[in-house]
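Enquirer: Contents of upload32.pdb (PDB, C-alpha atoms, pLDDT in the B column) are below:
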```pdb
ATOM      1  CA  MET A   1    -141.530 133.497 -52.970  1.00 97.00           C
ATOM      2  CA  ASP A   2    -137.815 132.983 -53.659  1.00 98.00           C
ATOM      3  CA  ILE A   3    -136.904 134.773 -56.885  1.00 98.00           C
ATOM      4  CA  LEU A   4    -133.735 134.725 -58.976  1.00 98.00           C
ATOM      5  CA  LEU A   5    -133.457 138.066 -60.769  1.00 98.00           C
ATOM      6  CA  ILE A   6    -130.972 137.986 -63.632  1.00 98.00           C
ATOM      7  CA  GLY A   7    -129.706 141.398 -64.665  1.00 98.00           C
ATOM      8  CA  GLY A   8    -129.970 142.635 -61.111  1.00 98.00           C
ATOM      9  CA  HIS A   9    -128.118 145.919 -61.591  1.00 97.00           C
ATOM     10  CA  GLY A  10    -130.300 147.075 -64.467  1.00 97.00           C
ATOM     11  CA  LYS A  11    -132.605 150.061 -64.033  1.00 97.00           C
ATOM     12  CA  VAL A  12    -135.781 147.983 -64.078  1.00 98.00           C
ATOM     13  CA  ALA A  13    -134.315 145.345 -61.759  1.00 98.00           C
ATOM     14  CA  LEU A  14    -133.240 147.915 -59.177  1.00 98.00           C
ATOM     15  CA  LEU A  15    -136.798 149.249 -59.151  1.00 98.00           C
ATOM     16  CA  LEU A  16    -138.285 145.755 -59.045  1.00 98.00           C
ATOM     17  CA  ALA A  17    -136.264 144.391 -56.132  1.00 98.00           C
ATOM     18  CA  PRO A  18    -137.739 146.764 -53.506  1.00 98.00           C
ATOM     19  CA  LEU A  19    -141.292 145.953 -54.621  1.00 98.00           C
ATOM     20  CA  LEU A  20    -140.622 142.263 -54.155  1.00 98.00           C
ATOM     21  CA  ALA A  21    -138.734 142.647 -50.899  1.00 98.00           C
ATOM     22  CA  GLU A  22    -141.424 144.884 -49.397  1.00 98.00           C
ATOM     23  CA  ARG A  23    -144.062 142.215 -49.902  1.00 97.00           C
ATOM     24  CA  GLY A  24    -141.882 139.550 -48.317  1.00 98.00           C
ATOM     25  CA  ASP A  25    -140.250 137.881 -51.309  1.00 98.00           C
ATOM     26  CA  HIS A  26    -136.600 136.842 -51.154  1.00 98.00           C
ATOM     27  CA  VAL A  27    -134.650 138.150 -54.152  1.00 98.00           C
ATOM     28  CA  ASP A  28    -131.242 136.946 -55.294  1.00 98.00           C
ATOM     29  CA  SER A  29    -129.995 139.390 -57.919  1.00 98.00           C
ATOM     30  CA  VAL A  30    -127.367 138.214 -60.384  1.00 98.00           C
ATOM     31  CA  ILE A  31    -124.875 140.955 -61.211  1.00 98.00           C
ATOM     32  CA  ARG A  32    -121.824 140.988 -63.430  1.00 96.00           C
ATOM     33  CA  PHE A  33    -119.448 142.960 -61.193  1.00 97.00           C
ATOM     34  CA  SER A  34    -118.893 142.853 -57.441  1.00 97.00           C
ATOM     35  CA  ASP A  35    -118.862 146.657 -57.215  1.00 97.00           C
ATOM     36  CA  GLN A  36    -122.585 146.591 -58.080  1.00 98.00           C
ATOM     37  CA  ALA A  37    -123.392 144.706 -54.889  1.00 98.00           C
ATOM     38  CA  ASP A  38    -124.032 147.733 -52.668  1.00 98.00           C
ATOM     39  CA  ALA A  39    -126.728 149.078 -55.015  1.00 98.00           C
ATOM     40  CA  VAL A  40    -128.401 145.666 -55.068  1.00 98.00           C
ATOM     41  CA  ARG A  41    -128.354 145.404 -51.277  1.00 98.00           C
ATOM     42  CA  ALA A  42    -129.777 148.916 -50.981  1.00 98.00           C
ATOM     43  CA  ALA A  43    -132.661 147.778 -53.191  1.00 98.00           C
ATOM     44  CA  GLY A  44    -133.453 144.953 -50.788  1.00 98.00           C
ATOM     45  CA  ALA A  45    -131.964 142.055 -52.764  1.00 98.00           C
ATOM     46  CA  PHE A  46    -129.033 139.741 -52.182  1.00 98.00           C
ATOM     47  CA  PRO A  47    -126.215 140.107 -54.723  1.00 98.00           C
ATOM     48  CA  VAL A  48    -124.889 137.079 -56.587  1.00 98.00           C
ATOM     49  CA  VAL A  49    -121.908 137.741 -58.841  1.00 98.00           C
ATOM     50  CA  GLY A  50    -122.028 135.852 -62.122  1.00 97.00           C
ATOM     51  CA  ASP A  51    -121.418 136.594 -65.795  1.00 96.00           C
ATOM     52  CA  VAL A  52    -124.422 135.158 -67.621  1.00 97.00           C
ATOM     53  CA  GLU A  53    -122.715 135.734 -70.961  1.00 96.00           C
ATOM     54  CA  GLN A  54    -120.057 133.182 -69.995  1.00 96.00           C
ATOM     55  CA  ALA A  55    -122.121 130.931 -67.715  1.00 98.00           C
ATOM     56  CA  SER A  56    -123.083 127.500 -68.976  1.00 98.00           C
ATOM     57  CA  THR A  57    -126.552 126.030 -68.659  1.00 98.00           C
ATOM     58  CA  GLU A  58    -125.258 123.995 -65.726  1.00 98.00           C
ATOM     59  CA  ASP A  59    -123.865 127.124 -64.063  1.00 98.00           C
ATOM     60  CA  LEU A  60    -127.194 128.894 -64.446  1.00 98.00           C
ATOM     61  CA  ALA A  61    -129.091 125.862 -63.181  1.00 98.00           C
ATOM     62  CA  SER A  62    -126.968 125.945 -60.035  1.00 98.00           C
ATOM     63  CA  LEU A  63    -127.912 129.582 -59.528  1.00 98.00           C
ATOM     64  CA  ALA A  64    -131.593 128.878 -60.166  1.00 98.00           C
ATOM     65  CA  ALA A  65    -131.851 125.832 -57.899  1.00 98.00           C
ATOM     66  CA  GLY A  66    -134.080 126.332 -54.871  1.00 98.00           C
ATOM     67  CA  HIS A  67    -135.954 129.324 -56.279  1.00 98.00           C
ATOM     68  CA  ASP A  68    -139.646 129.528 -57.059  1.00 98.00           C
ATOM     69  CA  ALA A  69    -139.285 131.827 -60.061  1.00 98.00           C
ATOM     70  CA  LEU A  70    -136.695 133.237 -62.433  1.00 98.00           C
ATOM     71  CA  VAL A  71    -136.950 136.739 -63.862  1.00 98.00           C
ATOM     72  CA  TRP A  72    -134.808 137.593 -66.887  1.00 98.00           C
ATOM     73  CA  SER A  73    -134.124 141.327 -66.946  1.00 98.00           C
ATOM     74  CA  ALA A  74    -130.615 141.192 -68.404  1.00 97.00           C
ATOM     75  CA  GLY A  75    -129.447 142.707 -71.659  1.00 94.00           C
ATOM     76  CA  ALA A  76    -126.285 143.584 -73.502  1.00 90.00           C
ATOM     77  CA  GLY A  77    -127.331 147.210 -73.784  1.00 84.00           C
ATOM     78  CA  GLY A  78    -126.837 147.472 -77.537  1.00 79.00           C
ATOM     79  CA  GLY A  79    -123.759 148.649 -79.376  1.00 81.00           C
ATOM     80  CA  ASP A  80    -121.988 145.356 -80.064  1.00 93.00           C
ATOM     81  CA  PRO A  81    -124.130 143.032 -82.216  1.00 95.00           C
ATOM     82  CA  MET A  82    -122.163 139.925 -81.257  1.00 96.00           C
ATOM     83  CA  ARG A  83    -122.601 140.607 -77.551  1.00 96.00           C
ATOM     84  CA  THR A  84    -126.283 141.351 -78.130  1.00 97.00           C
ATOM     85  CA  TYR A  85    -126.749 137.896 -79.630  1.00 97.00           C
ATOM     86  CA  ALA A  86    -124.600 136.347 -76.888  1.00 97.00           C
ATOM     87  CA  VAL A  87    -126.617 137.847 -74.023  1.00 97.00           C
ATOM     88  CA  ASP A  88    -130.103 138.624 -75.302  1.00 97.00           C
ATOM     89  CA  LYS A  89    -130.469 135.375 -77.249  1.00 98.00           C
ATOM     90  CA  ASP A  90    -127.931 132.713 -76.278  1.00 98.00           C
ATOM     91  CA  ALA A  91    -127.668 133.400 -72.537  1.00 98.00           C
ATOM     92  CA  ALA A  92    -131.417 133.957 -72.271  1.00 98.00           C
ATOM     93  CA  ILE A  93    -132.059 130.602 -73.929  1.00 98.00           C
ATOM     94  CA  ARG A  94    -129.559 128.909 -71.621  1.00 98.00           C
ATOM     95  CA  SER A  95    -131.410 130.411 -68.656  1.00 98.00           C
ATOM     96  CA  ILE A  96    -134.666 128.876 -69.895  1.00 98.00           C
ATOM     97  CA  ASP A  97    -133.004 125.469 -70.146  1.00 98.00           C
ATOM     98  CA  ALA A  98    -131.445 126.061 -66.725  1.00 98.00           C
ATOM     99  CA  ALA A  99    -134.790 126.861 -65.135  1.00 98.00           C
ATOM    100  CA  ARG A 100    -136.200 123.606 -66.507  1.00 98.00           C
ATOM    101  CA  ALA A 101    -133.173 121.635 -65.312  1.00 98.00           C
ATOM    102  CA  ALA A 102    -133.399 123.171 -61.829  1.00 98.00           C
ATOM    103  CA  GLY A 103    -137.139 122.586 -61.520  1.00 98.00           C
ATOM    104  CA  VAL A 104    -137.947 126.308 -61.485  1.00 98.00           C
ATOM    105  CA  HIS A 105    -141.264 126.282 -63.286  1.00 98.00           C
ATOM    106  CA  ARG A 106    -142.177 129.994 -63.180  1.00 98.00           C
ATOM    107  CA  TYR A 107    -140.268 132.203 -65.623  1.00 99.00           C
ATOM    108  CA  VAL A 108    -140.816 135.877 -66.449  1.00 98.00           C
ATOM    109  CA  MET A 109    -139.033 137.396 -69.441  1.00 98.00           C
ATOM    110  CA  VAL A 110    -138.640 141.161 -69.809  1.00 98.00           C
ATOM    111  CA  SER A 111    -138.829 141.791 -73.548  1.00 98.00           C
ATOM    112  CA  TYR A 112    -140.136 144.725 -75.591  1.00 97.00           C
ATOM    113  CA  PHE A 113    -143.311 145.831 -77.331  1.00 97.00           C
ATOM    114  CA  GLY A 114    -143.315 144.364 -80.833  1.00 94.00           C
ATOM    115  CA  SER A 115    -140.931 141.472 -80.237  1.00 95.00           C
ATOM    116  CA  SER A 116    -141.779 138.890 -82.888  1.00 94.00           C
ATOM    117  CA  LEU A 117    -140.075 136.577 -85.346  1.00 92.00           C
ATOM    118  CA  ASP A 118    -141.630 138.728 -88.100  1.00 92.00           C
ATOM    119  CA  HIS A 119    -140.570 142.018 -86.490  1.00 93.00           C
ATOM    120  CA  GLU A 120    -139.858 143.692 -89.860  1.00 89.00           C
ATOM    121  CA  VAL A 121    -136.854 145.609 -88.529  1.00 93.00           C
ATOM    122  CA  PRO A 122    -134.542 146.207 -91.532  1.00 93.00           C
ATOM    123  CA  ALA A 123    -131.350 144.166 -91.503  1.00 92.00           C
ATOM    124  CA  GLY A 124    -129.281 147.352 -91.746  1.00 90.00           C
ATOM    125  CA  SER A 125    -130.843 148.892 -88.659  1.00 94.00           C
ATOM    126  CA  PRO A 126    -128.731 149.053 -85.490  1.00 93.00           C
ATOM    127  CA  PHE A 127    -131.825 147.685 -83.714  1.00 94.00           C
ATOM    128  CA  PHE A 128    -131.862 144.538 -85.886  1.00 96.00           C
ATOM    129  CA  PRO A 129    -129.574 142.352 -83.703  1.00 96.00           C
ATOM    130  CA  TYR A 130    -131.652 143.125 -80.625  1.00 96.00           C
ATOM    131  CA  ALA A 131    -134.922 142.456 -82.463  1.00 96.00           C
ATOM    132  CA  GLU A 132    -133.578 139.150 -83.764  1.00 97.00           C
ATOM    133  CA  ALA A 133    -132.155 138.120 -80.387  1.00 97.00           C
ATOM    134  CA  LYS A 134    -135.251 138.938 -78.357  1.00 97.00           C
ATOM    135  CA  ALA A 135    -137.569 137.311 -80.894  1.00 97.00           C
ATOM    136  CA  ALA A 136    -135.577 134.082 -80.761  1.00 98.00           C
ATOM    137  CA  ALA A 137    -135.458 134.000 -76.962  1.00 98.00           C
ATOM    138  CA  ASP A 138    -139.155 134.798 -76.639  1.00 98.00           C
ATOM    139  CA  ALA A 139    -140.091 132.102 -79.158  1.00 98.00           C
ATOM    140  CA  TYR A 140    -137.941 129.563 -77.320  1.00 98.00           C
ATOM    141  CA  LEU A 141    -139.631 130.433 -74.042  1.00 98.00           C
ATOM    142  CA  ARG A 142    -143.123 130.150 -75.544  1.00 98.00           C
ATOM    143  CA  ALA A 143    -142.260 126.692 -76.870  1.00 98.00           C
ATOM    144  CA  SER A 144    -141.048 125.505 -73.467  1.00 98.00           C
ATOM    145  CA  ASP A 145    -143.124 123.776 -70.817  1.00 98.00           C
ATOM    146  CA  LEU A 146    -142.401 126.489 -68.255  1.00 98.00           C
ATOM    147  CA  ALA A 147    -145.105 128.640 -66.662  1.00 98.00           C
ATOM    148  CA  TRP A 148    -143.944 131.667 -68.604  1.00 98.00           C
ATOM    149  CA  THR A 149    -145.009 135.271 -68.946  1.00 98.00           C
ATOM    150  CA  ILE A 150    -143.410 137.740 -71.349  1.00 98.00           C
ATOM    151  CA  VAL A 151    -143.519 141.358 -70.203  1.00 98.00           C
ATOM    152  CA  ALA A 152    -143.232 143.584 -73.267  1.00 98.00           C
ATOM    153  CA  PRO A 153    -143.053 147.296 -72.470  1.00 98.00           C
ATOM    154  CA  SER A 154    -142.795 150.035 -75.064  1.00 97.00           C
ATOM    155  CA  ALA A 155    -140.077 152.709 -75.050  1.00 97.00           C
ATOM    156  CA  LEU A 156    -138.734 153.114 -71.526  1.00 97.00           C
ATOM    157  CA  THR A 157    -138.629 156.414 -69.646  1.00 98.00           C
ATOM    158  CA  LEU A 158    -137.307 157.505 -66.271  1.00 96.00           C
ATOM    159  CA  GLU A 159    -140.607 159.083 -65.258  1.00 97.00           C
ATOM    160  CA  PRO A 160    -142.056 158.245 -61.826  1.00 97.00           C
ATOM    161  CA  ALA A 161    -144.414 155.317 -61.455  1.00 98.00           C
ATOM    162  CA  THR A 162    -148.047 155.975 -62.304  1.00 98.00           C
ATOM    163  CA  GLY A 163    -149.431 152.577 -61.322  1.00 98.00           C
ATOM    164  CA  HIS A 164    -151.433 152.550 -64.555  1.00 98.00           C
ATOM    165  CA  ILE A 165    -150.838 151.029 -67.987  1.00 98.00           C
ATOM    166  CA  ASP A 166    -152.572 150.371 -71.301  1.00 98.00           C
ATOM    167  CA  ALA A 167    -152.242 146.712 -72.262  1.00 97.00           C
ATOM    168  CA  ASP A 168    -154.563 147.066 -75.277  1.00 94.00           C
ATOM    169  CA  ALA A 169    -152.733 149.706 -77.289  1.00 91.00           C
ATOM    170  CA  PRO A 170    -152.355 148.885 -81.004  1.00 91.00           C
ATOM    171  CA  ALA A 171    -148.921 150.506 -81.260  1.00 92.00           C
ATOM    172  CA  ALA A 172    -145.948 151.179 -79.032  1.00 94.00           C
ATOM    173  CA  GLY A 173    -145.706 154.403 -77.088  1.00 97.00           C
ATOM    174  CA  SER A 174    -143.737 154.763 -73.874  1.00 98.00           C
ATOM    175  CA  VAL A 175    -143.871 153.685 -70.250  1.00 98.00           C
ATOM    176  CA  SER A 176    -141.784 154.350 -67.170  1.00 98.00           C
ATOM    177  CA  ARG A 177    -139.293 151.787 -65.949  1.00 98.00           C
ATOM    178  CA  ALA A 178    -140.950 152.061 -62.541  1.00 98.00           C
ATOM    179  CA  ASP A 179    -144.252 150.903 -64.015  1.00 98.00           C
ATOM    180  CA  VAL A 180    -142.455 148.078 -65.839  1.00 98.00           C
ATOM    181  CA  ALA A 181    -141.075 146.935 -62.487  1.00 98.00           C
ATOM    182  CA  ALA A 182    -144.590 147.036 -61.032  1.00 98.00           C
ATOM    183  CA  VAL A 183    -145.896 144.951 -63.935  1.00 98.00           C
ATOM    184  CA  VAL A 184    -143.218 142.297 -63.378  1.00 98.00           C
ATOM    185  CA  ALA A 185    -144.061 142.198 -59.685  1.00 98.00           C
ATOM    186  CA  GLY A 186    -147.721 141.945 -60.613  1.00 98.00           C
ATOM    187  CA  VAL A 187    -147.364 139.026 -63.012  1.00 98.00           C
ATOM    188  CA  LEU A 188    -145.321 137.072 -60.466  1.00 98.00           C
ATOM    189  CA  ALA A 189    -148.273 137.332 -58.102  1.00 97.00           C
ATOM    190  CA  ASP A 190    -150.954 136.638 -60.717  1.00 98.00           C
ATOM    191  CA  PRO A 191    -151.074 133.104 -62.144  1.00 97.00           C
ATOM    192  CA  SER A 192    -153.681 134.203 -64.695  1.00 97.00           C
ATOM    193  CA  THR A 193    -150.824 135.846 -66.613  1.00 98.00           C
ATOM    194  CA  ILE A 194    -149.078 132.514 -67.250  1.00 98.00           C
ATOM    195  CA  GLY A 195    -148.781 131.752 -70.952  1.00 98.00           C
ATOM    196  CA  LYS A 196    -149.365 135.374 -71.942  1.00 98.00           C
ATOM    197  CA  THR A 197    -147.350 138.117 -73.596  1.00 98.00           C
ATOM    198  CA  ILE A 198    -148.314 141.445 -72.073  1.00 98.00           C
ATOM    199  CA  ALA A 199    -147.414 144.376 -74.324  1.00 98.00           C
ATOM    200  CA  PHE A 200    -148.158 147.753 -72.806  1.00 98.00           C
ATOM    201  CA  ASN A 201    -147.725 151.508 -72.749  1.00 98.00           C
ATOM    202  CA  THR A 202    -148.432 153.921 -69.942  1.00 98.00           C
ATOM    203  CA  GLY A 203    -152.172 154.313 -69.644  1.00 98.00           C
ATOM    204  CA  ASP A 204    -155.235 154.785 -67.472  1.00 97.00           C
ATOM    205  CA  THR A 205    -155.912 151.267 -66.159  1.00 98.00           C
ATOM    206  CA  ALA A 206    -154.565 150.219 -62.780  1.00 98.00           C
ATOM    207  CA  ILE A 207    -151.836 147.624 -63.258  1.00 98.00           C
ATOM    208  CA  ARG A 208    -153.576 144.890 -61.291  1.00 97.00           C
ATOM    209  CA  GLU A 209    -156.765 145.395 -63.289  1.00 97.00           C
ATOM    210  CA  ALA A 210    -154.903 145.523 -66.604  1.00 98.00           C
ATOM    211  CA  LEU A 211    -153.119 142.267 -65.854  1.00 98.00           C
ATOM    212  CA  ALA A 212    -156.375 140.565 -64.880  1.00 95.00           C
ATOM    213  CA  GLN A 213    -157.858 141.633 -68.217  1.00 93.00           C
ATOM    214  CA  ALA A 214    -154.801 140.817 -70.360  1.00 90.00           C
TER     215      ALA A 214
END
```
Could you spell out this file's structure in structure tokens?

Expert:
Amino acid sequence: MDILLIGGHGKVALLLAPLLAERGDHVDSVIRFSDQADAVRAAGAFPVVGDVEQASTEDLASLAAGHDALVWSAGAGGGDPMRTYAVDKDAAIRSIDAARAAGVHRYVMVSYFGSSLDHEVPAGSPFFPYAEAKAAADAYLRASDLAWTIVAPSALTLEPATGHIDADAPAAGSVSRADVAAVVAGVLADPSTIGKTIAFNTGDTAIREALAQA
């Protein structure tokens, strides 16, 4: 599978790329700065420099063309509300339109546990712009005709991979970024996850089994 990974220098993406490369997938990782290229290559992916915040739909479609799937793992990283909206909502939505324009039918969005248009995050909270942005992008993706999956992990840790998650938890807990990467790799290989939002914590169920049951 040829995969375009947007947000290729992020912590999850750098853990995801080796999983994909090891099973024979080709990964083009979009990064913002050229000095991030060595880390991407070391992870087994091929660096593509591009600023998704500034890229048009046409620019993103050019990047997506020829791939079998697009994974959105980019984010503004918080702090600046305007940039959060620009990246986590506007650029994400442009990437959805770009995938459609380029004929890339499979799309995986990395979101967060609890993302919803009725998220109930107070407007004065520093988390509000992110909640609003992700909810809008997720809703746009669900309304598209793409073969989408939304991966919605709870609070992220730097713990080692466990290979196990809980995709039935009623409330958010935490999960390692390494297990998030394994979930993304898993959904790309499992067409039964198309059209599903998979919210999860760390848990006791093997990832492959949890995805099959989601």

Enquirer: Using all atoms listed in the file, which protein or nucleic acid residues come within 8 Å of segment 105-117 of chain A? Drop anything in the same chain fewer than 2 positions from it, and give the result as a PDB file with C-alpha atoms, in the frame of the given file.

Expert:
```pdb
ATOM      1  CA  ASP A  68    -139.646 129.528 -57.059  1.00 98.00           C
ATOM      2  CA  ALA A  69    -139.285 131.827 -60.061  1.00 98.00           C
ATOM      3  CA  LEU A  70    -136.695 133.237 -62.433  1.00 98.00           C
ATOM      4  CA  VAL A  71    -136.950 136.739 -63.862  1.00 98.00           C
ATOM      5  CA  TRP A  72    -134.808 137.593 -66.887  1.00 98.00           C
ATOM      6  CA  SER A  73    -134.124 141.327 -66.946  1.00 98.00           C
ATOM      7  CA  ILE A  96    -134.666 128.876 -69.895  1.00 98.00           C
ATOM      8  CA  ALA A  99    -134.790 126.861 -65.135  1.00 98.00           C
ATOM      9  CA  ARG A 100    -136.200 123.606 -66.507  1.00 98.00           C
ATOM     10  CA  GLY A 103    -137.139 122.586 -61.520  1.00 98.00           C
ATOM     11  CA  HIS A 119    -140.570 142.018 -86.490  1.00 93.00           C
ATOM     12  CA  ALA A 131    -134.922 142.456 -82.463  1.00 96.00           C
ATOM     13  CA  GLU A 132    -133.578 139.150 -83.764  1.00 97.00           C
ATOM     14  CA  LYS A 134    -135.251 138.938 -78.357  1.00 97.00           C
ATOM     15  CA  ALA A 135    -137.569 137.311 -80.894  1.00 97.00           C
ATOM     16  CA  ALA A 136    -135.577 134.082 -80.761  1.00 98.00           C
ATOM     17  CA  ASP A 138    -139.155 134.798 -76.639  1.00 98.00           C
ATOM     18  CA  ALA A 139    -140.091 132.102 -79.158  1.00 98.00           C
ATOM     19  CA  LEU A 146    -142.401 126.489 -68.255  1.00 98.00           C
ATOM     20  CA  ALA A 147    -145.105 128.640 -66.662  1.00 98.00           C
ATOM     21  CA  TRP A 148    -143.944 131.667 -68.604  1.00 98.00           C
ATOM     22  CA  THR A 149    -145.009 135.271 -68.946  1.00 98.00           C
ATOM     23  CA  ILE A 150    -143.410 137.740 -71.349  1.00 98.00           C
ATOM     24  CA  VAL A 151    -143.519 141.358 -70.203  1.00 98.00           C
ATOM     25  CA  ALA A 152    -143.232 143.584 -73.267  1.00 98.00           C
ATOM     26  CA  PRO A 153    -143.053 147.296 -72.470  1.00 98.00           C
ATOM     27  CA  SER A 154    -142.795 150.035 -75.064  1.00 97.00           C
ATOM     28  CA  ALA A 155    -140.077 152.709 -75.050  1.00 97.00           C
ATOM     29  CA  ALA A 172    -145.948 151.179 -79.032  1.00 94.00           C
ATOM     30  CA  VAL A 184    -143.218 142.297 -63.378  1.00 98.00           C
ATOM     31  CA  LEU A 188    -145.321 137.072 -60.466  1.00 98.00           C
ATOM     32  CA  ALA A 199    -147.414 144.376 -74.324  1.00 98.00           C
ATOM     33  CA  PHE A 200    -148.158 147.753 -72.806  1.00 98.00           C
TER      34      PHE A 200
END
```

Enquirer: I need the residue nearest Ile194 of chain A from this list: A:Ala214, A:Leu16, A:Ala102, A:Val27. Use all atoms listed in the file for the distance.

Expert: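 That would be A:Ala214, the residue with the smallest distance to Ile194 of chain A.
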
Enquirer: Rank A:Pro129, A:Asp204, A:Ser34, A:Leu14 by their smallest atom-to-atom distance to Gly77 of chain A, using only C-alpha atoms, and report the top residue only.

Expert: A:Pro129

Enquirer: Can you list, as number ranges by chain, the residues that the PyMOL selection byres ((chain A and resi 59-62) around 10) selects here?

Expert: A: 6, 50-52, 54-58, 63-66, 91, 94-104

Enquirer: Determine the axis-aligned bounding box of all atoms of segment 148-155 of chain A present in the file, pad each side by 6 Å, and express its centre and edge lengths in Å to one decimal place as JSON.

Expert:
```
{"center_x": -142.5, "center_y": 142.2, "center_z": -71.8, "size_x": 16.9, "size_y": 33.0, "size_z": 18.5}
```

Enquirer: Provide the atom CA of Thr157 of chain A to atom CA of Gly8 of chain A distance in Å, to one decimal place.

Expert: 18.4 Å

Enquirer: Quick one, how far is atom CA of His164 of chain A from atom CA of Thr193 of chain A?

Expert: 16.8 Å

Enquirer: Spell out the residues picked by the PyMOL selection byres ((chain A and resi 202) around 12) here, as a PDB file with C-alpha atoms, keeping the file's coordinate frame.

Expert:
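Once written, out35.pdb looks like this:
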```pdb
ATOM      1  CA  PRO A 153    -143.053 147.296 -72.470  1.00 98.00           C
ATOM      2  CA  SER A 154    -142.795 150.035 -75.064  1.00 97.00           C
ATOM      3  CA  ALA A 155    -140.077 152.709 -75.050  1.00 97.00           C
ATOM      4  CA  LEU A 156    -138.734 153.114 -71.526  1.00 97.00           C
ATOM      5  CA  THR A 157    -138.629 156.414 -69.646  1.00 98.00           C
ATOM      6  CA  GLU A 159    -140.607 159.083 -65.258  1.00 97.00           C
ATOM      7  CA  PRO A 160    -142.056 158.245 -61.826  1.00 97.00           C
ATOM      8  CA  ALA A 161    -144.414 155.317 -61.455  1.00 98.00           C
ATOM      9  CA  THR A 162    -148.047 155.975 -62.304  1.00 98.00           C
ATOM     10  CA  GLY A 163    -149.431 152.577 -61.322  1.00 98.00           C
ATOM     11  CA  HIS A 164    -151.433 152.550 -64.555  1.00 98.00           C
ATOM     12  CA  ILE A 165    -150.838 151.029 -67.987  1.00 98.00           C
ATOM     13  CA  ASP A 166    -152.572 150.371 -71.301  1.00 98.00           C
ATOM     14  CA  ALA A 167    -152.242 146.712 -72.262  1.00 97.00           C
ATOM     15  CA  ASP A 168    -154.563 147.066 -75.277  1.00 94.00           C
ATOM     16  CA  ALA A 169    -152.733 149.706 -77.289  1.00 91.00           C
ATOM     17  CA  ALA A 171    -148.921 150.506 -81.260  1.00 92.00           C
ATOM     18  CA  ALA A 172    -145.948 151.179 -79.032  1.00 94.00           C
ATOM     19  CA  GLY A 173    -145.706 154.403 -77.088  1.00 97.00           C
ATOM     20  CA  SER A 174    -143.737 154.763 -73.874  1.00 98.00           C
ATOM     21  CA  VAL A 175    -143.871 153.685 -70.250  1.00 98.00           C
ATOM     22  CA  SER A 176    -141.784 154.350 -67.170  1.00 98.00           C
ATOM     23  CA  ARG A 177    -139.293 151.787 -65.949  1.00 98.00           C
ATOM     24  CA  ALA A 178    -140.950 152.061 -62.541  1.00 98.00           C
ATOM     25  CA  ASP A 179    -144.252 150.903 -64.015  1.00 98.00           C
ATOM     26  CA  VAL A 180    -142.455 148.078 -65.839  1.00 98.00           C
ATOM     27  CA  ALA A 182    -144.590 147.036 -61.032  1.00 98.00           C
ATOM     28  CA  VAL A 183    -145.896 144.951 -63.935  1.00 98.00           C
ATOM     29  CA  ALA A 199    -147.414 144.376 -74.324  1.00 98.00           C
ATOM     30  CA  PHE A 200    -148.158 147.753 -72.806  1.00 98.00           C
ATOM     31  CA  ASN A 201    -147.725 151.508 -72.749  1.00 98.00           C
ATOM     32  CA  GLY A 203    -152.172 154.313 -69.644  1.00 98.00           C
ATOM     33  CA  ASP A 204    -155.235 154.785 -67.472  1.00 97.00           C
ATOM     34  CA  THR A 205    -155.912 151.267 -66.159  1.00 98.00           C
ATOM     35  CA  ALA A 206    -154.565 150.219 -62.780  1.00 98.00           C
ATOM     36  CA  ILE A 207    -151.836 147.624 -63.258  1.00 98.00           C
ATOM     37  CA  ALA A 210    -154.903 145.523 -66.604  1.00 98.00           C
TER      38      ALA A 210
END
```

Enquirer: Can you write out as a tab-separated table which residues of segment 55-79 of chain A fall within 10 Å of segment 84-87 of chain A, alongside each residue's closest atom pair and its distance in Å to one decimal, counting all atoms listed in the file and ordering rows by chain and ascending residue number?

Expert:
```
residue	atom	partner	partner_atom	distance
A:Ala74	CA	A:Val87	CA	7.7
A:Gly75	CA	A:Val87	CA	6.1
A:Ala76	CA	A:Thr84	CA	5.1
A:Gly77	CA	A:Thr84	CA	7.4
A:Gly78	CA	A:Thr84	CA	6.2
A:Gly79	CA	A:Thr84	CA	7.8
```

Enquirer: Which residues, named as in the file, does the PyMOL selection byres ((chain A and resi 20) around 12) pick out? Answer as a short mmCIF file (atom, residue, chain, number, x, y, z; two decimals) with C-alpha atoms, in the frame of the given file.

Expert:
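Below you can see expr_18.cif, which holds the result:
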```
data_model
loop_
_atom_site.label_atom_id
_atom_site.label_comp_id
_atom_site.auth_asym_id
_atom_site.auth_seq_id
_atom_site.Cartn_x
_atom_site.Cartn_y
_atom_site.Cartn_z
CA MET A 1 -141.53 133.50 -52.97
CA ASP A 2 -137.82 132.98 -53.66
CA ILE A 3 -136.90 134.77 -56.88
CA LEU A 4 -133.74 134.72 -58.98
CA LEU A 5 -133.46 138.07 -60.77
CA ALA A 13 -134.32 145.34 -61.76
CA LEU A 14 -133.24 147.92 -59.18
CA LEU A 15 -136.80 149.25 -59.15
CA LEU A 16 -138.28 145.76 -59.04
CA ALA A 17 -136.26 144.39 -56.13
CA PRO A 18 -137.74 146.76 -53.51
CA LEU A 19 -141.29 145.95 -54.62
CA ALA A 21 -138.73 142.65 -50.90
CA GLU A 22 -141.42 144.88 -49.40
CA ARG A 23 -144.06 142.22 -49.90
CA GLY A 24 -141.88 139.55 -48.32
CA ASP A 25 -140.25 137.88 -51.31
CA HIS A 26 -136.60 136.84 -51.15
CA VAL A 27 -134.65 138.15 -54.15
CA ASP A 28 -131.24 136.95 -55.29
CA SER A 29 -130.00 139.39 -57.92
CA ALA A 43 -132.66 147.78 -53.19
CA GLY A 44 -133.45 144.95 -50.79
CA ALA A 45 -131.96 142.06 -52.76
CA VAL A 71 -136.95 136.74 -63.86
CA ALA A 181 -141.07 146.94 -62.49
CA ALA A 182 -144.59 147.04 -61.03
CA VAL A 183 -145.90 144.95 -63.94
CA VAL A 184 -143.22 142.30 -63.38
CA ALA A 185 -144.06 142.20 -59.68
CA GLY A 186 -147.72 141.94 -60.61
CA VAL A 187 -147.36 139.03 -63.01
CA LEU A 188 -145.32 137.07 -60.47
CA ALA A 189 -148.27 137.33 -58.10
#
```
